[in-house]
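Have a look at the structure below before the remarks.
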Amino acid sequence: MSIIGVLGGICSGKTLFCSLMKEMYGYQIVYFDQEIDLNKTAMQIYNNWNTPTIITAITTKEQLRVLKKRNYFHLIYLDAPSFTRYRRYCEKNETIKFEDFVRLDDKQKYDLDFLELAKNCKVYLKNNTNAIEEFRNYLKQQMSKIIRPFRPDWDVYFMKIAYTVKQRSNCMKKSVGAVLINNNKRILSTSYNGTPKVMKNCNEGGCDVCKESKTLDLILYKCMCIHAEEGCILELGITQTRNTTLYTTLFPCVWCCKALLQAEVSRIVYCEQGNWDLSLKIIQNLIKYDQIDIEKYIY
């Protein structure tokens with residue numbers, strides 16, 4: 001189940017991309033143009049939601065708005081170097097000067113909704129070769145991004161939430177977000193790092209340590225900021241943390257690992273490793289831990 005929109009500059013290889021996806025994975029190709037009935041065509045695609053579909057020639061924000069009504073649609077940006085696209089244009093059409101091609105390219109980007117549409121692309125693909133087989137192999141390597149699962153699994157889902165929580169961090173040294181869940185996949189608490197609520201925020205001068213340029217792990221014991229993992233436990237209370245799973249954007253420091261052990265957290269899921277090798281030794285064989293690369297998951 002997958003509906004993909006493809007966007008790209010002049011002669012970036014959209015037609016070839018669609019053809020290869022049809023050949024390799026059985027995708028049907030739908031061309032959007034000014035003559036179609038947008039809502040009728042979209043409903044036909046939705047009603048055949050189990051048929052993998054690629055939509056090309058998307059040119060307006062209204063077209064994209066209609067397509068984005070479904071969670072299983074996502075937009076891909078296909079690009080190639082300007083001179084490569086210029087050569088393809090001359091081979092396909094009449095030969096023109098490079099500067100004239102640039103004018104055409106700029107017209108598409110700046111006179112239409114192209115740049116606004118491009119902001120919605122979550123996957124970037126490059127087509128900088130003239131060898132079809134090479135491009136085919138490249139697409140196979142990128143297939144986990146091109147054809148995504150219908151919805152994220154639980155680890156990706158909660159980690160995405162942790163990264164949203166991270167945005168509230170007021171620490172000037174390193175932003176971290178964390179989410180604590182129970183065995184029924186219910187969120188128990190969320191937290192981000194920053195100074196205690198009775199103090200000024202770190203970004204307002206509440207922690208002198210974070211103003212220093214020293215490596216964070218060397219001055220951690222002096223830092224006034226409460227860590228995200230620590231905050232999750234404090235918000236919930238240690239009597240309710242047994243056999244829970246913690247999702248954190250950064251692997252816990254030594255301080256937090258001790259707190260997690262005391263709280264009897266049973267699993268840690270993290271993205272970024274950090275520099276605390278001792279942390280790993282502390283929880284080894286005591287807490288299960290898994291690392292995921294959130295950049296691989298496009299939602």
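Letters A, B, ... mark the chains of the structure tokens in the order given; residue numbers begin at 1 per chain; ligand numbers begin at 1, in order shown.
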Within 9 Å of region 290-297 of chain A, counting only C-alpha atoms, which residues show up once you throw out same-chain ones fewer than 2 positions away? Write them as a tab-separated table (two decimals) with all heavy atoms, in the first residue's frame, please.
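Writing the result to around24.tsv gives the following:
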chain	number	residue	atom	x	y	z
A	144	SER	N	13.85	1.56	0.92
A	144	SER	CA	13.21	1.65	2.24
A	144	SER	C	12.66	3.05	2.50
A	144	SER	O	11.75	3.22	3.31
A	144	SER	CB	14.21	1.28	3.35
A	144	SER	OG	15.31	2.18	3.35
A	145	LYS	N	13.19	4.05	1.81
A	145	LYS	CA	12.67	5.40	1.92
A	145	LYS	C	11.57	5.66	0.89
A	145	LYS	O	10.60	6.37	1.17
A	145	LYS	CB	13.79	6.43	1.73
A	145	LYS	CG	14.82	6.46	2.84
A	145	LYS	CD	15.84	7.54	2.58
A	145	LYS	CE	16.85	7.62	3.72
A	145	LYS	NZ	17.85	8.70	3.49
A	148	ARG	N	7.60	3.29	1.85
A	148	ARG	CA	7.60	3.23	3.31
A	148	ARG	C	6.43	2.36	3.80
A	148	ARG	O	5.42	2.19	3.10
A	148	ARG	CB	7.47	4.63	3.89
A	148	ARG	CG	6.11	5.24	3.61
A	148	ARG	CD	5.93	6.59	4.26
A	148	ARG	NE	4.51	6.91	4.31
A	148	ARG	CZ	4.02	8.05	4.74
A	148	ARG	NH1	4.83	9.00	5.13
A	148	ARG	NH2	2.72	8.27	4.79
A	152	PRO	N	4.21	4.09	11.06
A	152	PRO	CA	5.44	3.75	11.79
A	152	PRO	C	5.19	2.67	12.84
A	152	PRO	O	4.07	2.55	13.36
A	152	PRO	CB	5.82	5.08	12.46
A	152	PRO	CG	4.53	5.85	12.56
A	152	PRO	CD	3.74	5.45	11.36
A	155	ASP	N	8.32	1.78	18.06
A	155	ASP	CA	9.59	2.43	18.41
A	155	ASP	C	9.75	3.76	17.67
A	155	ASP	O	10.15	4.77	18.26
A	155	ASP	CB	10.77	1.51	18.10
A	155	ASP	CG	10.97	0.44	19.16
A	155	ASP	OD1	10.31	0.52	20.21
A	155	ASP	OD2	11.78	-0.48	18.93
A	156	VAL	N	9.46	3.75	16.39
A	156	VAL	CA	9.57	4.98	15.60
A	156	VAL	C	8.54	6.01	16.07
A	156	VAL	O	8.83	7.20	16.21
A	156	VAL	CB	9.38	4.68	14.10
A	156	VAL	CG1	9.37	5.97	13.28
A	156	VAL	CG2	10.48	3.75	13.60
A	159	MET	N	9.65	7.47	19.39
A	159	MET	CA	10.87	8.25	19.23
A	159	MET	C	10.58	9.58	18.53
A	159	MET	O	11.18	10.62	18.85
A	159	MET	CB	11.93	7.46	18.46
A	159	MET	CG	13.30	8.12	18.45
A	159	MET	SD	13.99	8.40	20.11
A	159	MET	CE	14.50	6.73	20.52
A	160	LYS	N	9.66	9.56	17.59
A	160	LYS	CA	9.25	10.81	16.95
A	160	LYS	C	8.66	11.77	17.99
A	160	LYS	O	8.90	12.99	17.94
A	160	LYS	CB	8.21	10.53	15.85
A	160	LYS	CG	8.77	9.89	14.60
A	160	LYS	CD	9.47	10.90	13.73
A	160	LYS	CE	9.87	10.31	12.39
A	160	LYS	NZ	10.54	11.29	11.51
A	251	PHE	N	21.56	8.75	24.32
A	251	PHE	CA	21.83	7.69	25.31
A	251	PHE	C	22.09	8.32	26.68
A	251	PHE	O	22.83	9.28	26.79
A	251	PHE	CB	23.02	6.86	24.87
A	251	PHE	CG	23.16	5.57	25.63
A	251	PHE	CD1	22.46	4.45	25.22
A	251	PHE	CD2	23.96	5.48	26.75
A	251	PHE	CE1	22.56	3.25	25.92
A	251	PHE	CE2	24.08	4.29	27.45
A	251	PHE	CZ	23.37	3.18	27.03
A	267	ARG	N	13.71	-1.18	29.66
A	267	ARG	CA	14.23	-1.05	28.30
A	267	ARG	C	14.49	0.42	27.98
A	267	ARG	O	13.70	1.29	28.36
A	267	ARG	CB	13.26	-1.64	27.28
A	267	ARG	CG	13.74	-1.59	25.84
A	267	ARG	CD	12.76	-2.27	24.90
A	267	ARG	NE	13.20	-2.19	23.51
A	267	ARG	CZ	12.49	-1.67	22.51
A	267	ARG	NH1	11.27	-1.20	22.73
A	267	ARG	NH2	12.95	-1.64	21.28
A	268	ILE	N	15.57	0.66	27.26
A	268	ILE	CA	15.91	2.00	26.77
A	268	ILE	C	16.02	1.95	25.26
A	268	ILE	O	16.68	1.08	24.70
A	268	ILE	CB	17.26	2.49	27.36
A	268	ILE	CG1	17.19	2.60	28.88
A	268	ILE	CG2	17.68	3.83	26.74
A	268	ILE	CD1	18.55	2.81	29.53
A	269	VAL	N	15.34	2.88	24.58
A	269	VAL	CA	15.47	3.02	23.13
A	269	VAL	C	16.03	4.42	22.88
A	269	VAL	O	15.49	5.40	23.39
A	269	VAL	CB	14.12	2.85	22.41
A	269	VAL	CG1	14.32	2.92	20.90
A	269	VAL	CG2	13.47	1.52	22.80
A	270	TYR	N	17.09	4.50	22.10
A	270	TYR	CA	17.76	5.79	21.89
A	270	TYR	C	18.17	5.94	20.43
A	270	TYR	O	18.20	4.98	19.66
A	270	TYR	CB	18.98	5.91	22.80
A	270	TYR	CG	20.12	4.97	22.45
A	270	TYR	CD1	21.21	5.40	21.70
A	270	TYR	CD2	20.09	3.63	22.85
A	270	TYR	CE1	22.24	4.53	21.36
A	270	TYR	CE2	21.10	2.75	22.52
A	270	TYR	CZ	22.18	3.21	21.77
A	270	TYR	OH	23.19	2.36	21.43
A	271	CYS	N	18.53	7.17	20.06
A	271	CYS	CA	19.02	7.44	18.71
A	271	CYS	C	20.50	7.78	18.71
A	271	CYS	O	21.31	7.11	18.09
A	271	CYS	CB	18.23	8.59	18.07
A	271	CYS	SG	16.70	8.07	17.29
A	272	GLU	N	20.84	8.85	19.43
A	272	GLU	CA	22.22	9.34	19.41
A	272	GLU	C	23.02	8.69	20.54
A	272	GLU	O	22.53	8.55	21.65
A	272	GLU	CB	22.22	10.86	19.55
A	272	GLU	CG	21.41	11.57	18.47
A	272	GLU	CD	21.10	13.01	18.83
A	272	GLU	OE1	22.02	13.71	19.32
A	272	GLU	OE2	19.95	13.43	18.64
A	273	GLN	N	24.27	8.32	20.22
A	273	GLN	CA	25.06	7.56	21.17
A	273	GLN	C	25.59	8.41	22.32
A	273	GLN	O	25.59	8.01	23.47
A	273	GLN	CB	26.24	6.89	20.45
A	273	GLN	CG	27.20	6.15	21.37
A	273	GLN	CD	26.55	5.03	22.15
A	273	GLN	OE1	26.06	4.08	21.58
A	273	GLN	NE2	26.54	5.14	23.46
A	288	LYS	N	17.71	-3.69	29.08
A	288	LYS	CA	17.79	-3.91	27.64
A	288	LYS	C	17.84	-2.56	26.93
A	288	LYS	O	17.16	-1.61	27.32
A	288	LYS	CB	16.59	-4.70	27.16
A	288	LYS	CG	16.60	-5.04	25.68
A	288	LYS	CD	15.35	-5.79	25.26
A	288	LYS	CE	15.36	-6.07	23.76
A	288	LYS	NZ	14.12	-6.75	23.31
A	299	TYR	N	8.04	9.91	7.76
A	299	TYR	CA	6.61	10.06	8.02
A	299	TYR	C	6.29	11.54	8.18
A	299	TYR	O	7.17	12.33	8.50
A	299	TYR	CB	6.18	9.30	9.26
A	299	TYR	CG	6.22	7.80	9.07
A	299	TYR	CD1	7.33	7.07	9.43
A	299	TYR	CD2	5.15	7.15	8.45
A	299	TYR	CE1	7.38	5.70	9.22
A	299	TYR	CE2	5.20	5.78	8.24
A	299	TYR	CZ	6.32	5.06	8.63
A	299	TYR	OH	6.36	3.71	8.40
Sorted by chain and rising residue number, list the residues of region 134-204 of chain A at most 9 Å from region 6-23 of chain A (counting only C-alpha atoms), each with its closest atom pair and distance in Å to one decimal, as a Markdown table.
| residue | atom | partner | partner_atom | distance |
| --- | --- | --- | --- | --- |
| A:Phe135 | CA | A:Phe17 | CA | 8.6 |
| A:Arg136 | CA | A:Leu20 | CA | 6.9 |
| A:Leu139 | CA | A:Phe17 | CA | 8.5 |
- Expected answer as a ChimeraX atom specification: helix (DSSP H, G or I) residues in region 147-265 of chain A: /A:154-166,202-204,209-211,216-218,220-222,228-236,238-240,254-262
- Message: If I take CA of Glu230 (chain A) and CA of Pro196 (chain A), how far is one from the other in Å, to one decimal?
- Response: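 Result for CA of Glu230 (chain A) versus CA of Pro196 (chain A): 11.5 Å, one decimal.
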- Message: Which of region 14-259 of chain A end up as strand (DSSP E) when DSSP is run on this backbone - answer as a ChimeraX atom specification?
- Response: /A:28-31,53-56,73-79,121-126,177-181,187-192,245-250
Go ahead and save the residues from that selection, with N, CA, C and O atoms, as a compact mmCIF listing (two decimals), in the first residue's frame.
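Result went into part.txt, see below:
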# COMPACT_ATOMS: atom_id res chain seq x y z
N GLN A 28 1.34 1.69 -10.75
CA GLN A 28 0.64 2.36 -11.83
C GLN A 28 1.01 3.84 -11.81
O GLN A 28 1.31 4.40 -10.75
N ILE A 29 1.02 4.46 -12.98
CA ILE A 29 1.45 5.85 -13.10
C ILE A 29 0.25 6.72 -13.42
O ILE A 29 -0.52 6.43 -14.34
N VAL A 30 0.08 7.78 -12.66
CA VAL A 30 -0.99 8.75 -12.90
C VAL A 30 -0.36 10.11 -13.15
O VAL A 30 0.47 10.58 -12.36
N TYR A 31 -0.73 10.73 -14.26
CA TYR A 31 -0.21 12.05 -14.61
C TYR A 31 -1.24 13.12 -14.26
O TYR A 31 -2.37 13.09 -14.75
N THR A 53 0.72 3.29 -6.44
CA THR A 53 0.53 4.34 -7.44
C THR A 53 1.60 5.42 -7.33
O THR A 53 1.96 5.81 -6.22
N ILE A 54 2.08 5.87 -8.48
CA ILE A 54 2.97 7.03 -8.53
C ILE A 54 2.25 8.14 -9.27
O ILE A 54 1.69 7.93 -10.35
N ILE A 55 2.27 9.34 -8.69
CA ILE A 55 1.63 10.50 -9.30
C ILE A 55 2.72 11.49 -9.69
O ILE A 55 3.54 11.89 -8.86
N THR A 56 2.73 11.87 -10.93
CA THR A 56 3.72 12.83 -11.40
C THR A 56 3.02 14.02 -12.04
O THR A 56 1.80 14.02 -12.22
N PHE A 73 0.17 8.68 1.59
CA PHE A 73 0.79 9.44 0.50
C PHE A 73 2.03 10.16 1.02
O PHE A 73 2.03 10.71 2.12
N HIS A 74 3.10 10.14 0.24
CA HIS A 74 4.23 11.00 0.57
C HIS A 74 4.91 11.47 -0.72
O HIS A 74 4.79 10.84 -1.78
N LEU A 75 5.61 12.59 -0.62
CA LEU A 75 6.16 13.27 -1.78
C LEU A 75 7.67 13.11 -1.83
O LEU A 75 8.36 13.30 -0.82
N ILE A 76 8.18 12.77 -3.01
CA ILE A 76 9.61 12.55 -3.23
C ILE A 76 10.15 13.65 -4.15
O ILE A 76 9.50 14.03 -5.11
N TYR A 77 11.35 14.11 -3.81
CA TYR A 77 12.01 15.09 -4.67
C TYR A 77 13.14 14.41 -5.42
O TYR A 77 14.03 13.81 -4.82
N LEU A 78 13.10 14.50 -6.75
CA LEU A 78 14.13 13.91 -7.60
C LEU A 78 14.92 15.03 -8.26
O LEU A 78 14.35 15.95 -8.85
N ASP A 79 16.24 14.96 -8.14
CA ASP A 79 17.06 16.06 -8.65
C ASP A 79 18.28 15.53 -9.40
O ASP A 79 18.66 14.36 -9.26
N CYS A 121 8.45 17.70 0.53
CA CYS A 121 9.17 16.45 0.20
C CYS A 121 9.96 15.97 1.41
O CYS A 121 10.71 16.75 2.02
N LYS A 122 9.83 14.71 1.75
CA LYS A 122 10.56 14.14 2.87
C LYS A 122 11.65 13.16 2.42
O LYS A 122 12.40 12.65 3.24
N VAL A 123 11.68 12.90 1.12
CA VAL A 123 12.71 12.01 0.56
C VAL A 123 13.38 12.74 -0.60
O VAL A 123 12.70 13.29 -1.47
N TYR A 124 14.70 12.75 -0.58
CA TYR A 124 15.47 13.39 -1.65
C TYR A 124 16.25 12.31 -2.40
O TYR A 124 17.00 11.54 -1.80
N LEU A 125 16.05 12.24 -3.70
CA LEU A 125 16.77 11.29 -4.55
C LEU A 125 17.57 12.04 -5.60
O LEU A 125 17.15 13.09 -6.07
N LYS A 126 18.71 11.49 -5.95
CA LYS A 126 19.54 12.12 -6.99
C LYS A 126 19.63 11.22 -8.21
O LYS A 126 19.71 10.00 -8.10
N GLY A 177 15.14 15.01 24.51
CA GLY A 177 13.75 14.74 24.85
C GLY A 177 13.58 13.28 25.21
O GLY A 177 14.31 12.42 24.71
N ALA A 178 12.62 12.99 26.09
CA ALA A 178 12.41 11.60 26.52
C ALA A 178 10.93 11.34 26.75
O ALA A 178 10.16 12.24 27.10
N VAL A 179 10.54 10.08 26.53
CA VAL A 179 9.16 9.63 26.73
C VAL A 179 9.21 8.30 27.48
O VAL A 179 9.97 7.40 27.11
N LEU A 180 8.38 8.16 28.51
CA LEU A 180 8.31 6.92 29.28
C LEU A 180 6.95 6.28 29.03
O LEU A 180 5.92 6.94 29.17
N ILE A 181 6.95 5.00 28.64
CA ILE A 181 5.68 4.32 28.34
C ILE A 181 5.58 3.02 29.13
O ILE A 181 6.59 2.46 29.58
N ILE A 187 1.60 6.38 27.08
CA ILE A 187 2.60 7.33 27.57
C ILE A 187 2.31 7.65 29.04
O ILE A 187 1.20 8.05 29.40
N LEU A 188 3.33 7.49 29.87
CA LEU A 188 3.21 7.79 31.29
C LEU A 188 3.73 9.19 31.62
O LEU A 188 3.16 9.89 32.46
N SER A 189 4.82 9.57 30.97
CA SER A 189 5.37 10.91 31.20
C SER A 189 6.29 11.30 30.05
O SER A 189 6.79 10.44 29.33
N THR A 190 6.49 12.58 29.89
CA THR A 190 7.45 13.12 28.92
C THR A 190 8.29 14.17 29.63
O THR A 190 7.85 14.76 30.62
N SER A 191 9.49 14.38 29.12
CA SER A 191 10.34 15.40 29.74
C SER A 191 11.44 15.82 28.77
O SER A 191 11.78 15.10 27.84
N TYR A 192 11.96 17.01 29.00
CA TYR A 192 13.11 17.53 28.26
C TYR A 192 14.08 18.13 29.26
O TYR A 192 13.71 18.44 30.41
N THR A 245 9.36 1.38 29.50
CA THR A 245 10.34 1.61 28.43
C THR A 245 10.57 3.10 28.28
O THR A 245 9.61 3.88 28.24
N LEU A 246 11.83 3.48 28.21
CA LEU A 246 12.19 4.88 28.04
C LEU A 246 12.68 5.11 26.62
O LEU A 246 13.57 4.41 26.14
N TYR A 247 12.10 6.10 25.95
CA TYR A 247 12.58 6.55 24.64
C TYR A 247 13.29 7.87 24.84
O TYR A 247 12.71 8.82 25.37
N THR A 248 14.53 7.92 24.45
CA THR A 248 15.32 9.14 24.64
C THR A 248 16.12 9.44 23.38
O THR A 248 16.62 8.53 22.72
N THR A 249 16.22 10.70 23.05
CA THR A 249 16.94 11.09 21.83
C THR A 249 18.44 10.89 21.96
O THR A 249 19.14 10.76 20.96
N LEU A 250 18.93 10.87 23.20
CA LEU A 250 20.37 10.71 23.47
C LEU A 250 20.57 9.64 24.52
O LEU A 250 19.86 9.61 25.53
- Using only C-alpha atoms, the shortest atom-to-atom distance to Gln240 (chain A) among A:Ala42, A:Cys207, A:Ile36, A:Ala263 belongs to A:Ala263
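For the set A:Arg88, A:Arg151, A:Lys173, A:His227, the residue with the smallest atom-to-atom gap to Asp208 (chain A) is A:Lys173, counting only C-alpha atoms.
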- Using only C-alpha atoms, find the one residue out of A:Tyr157, A:Tyr138, A:Tyr27, A:Tyr46 that sits nearest to Lys68 (chain A).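 Checking each of A:Tyr157, A:Tyr138, A:Tyr27, A:Tyr46 against Lys68 (chain A), counting only C-alpha atoms, the winner is A:Tyr46.
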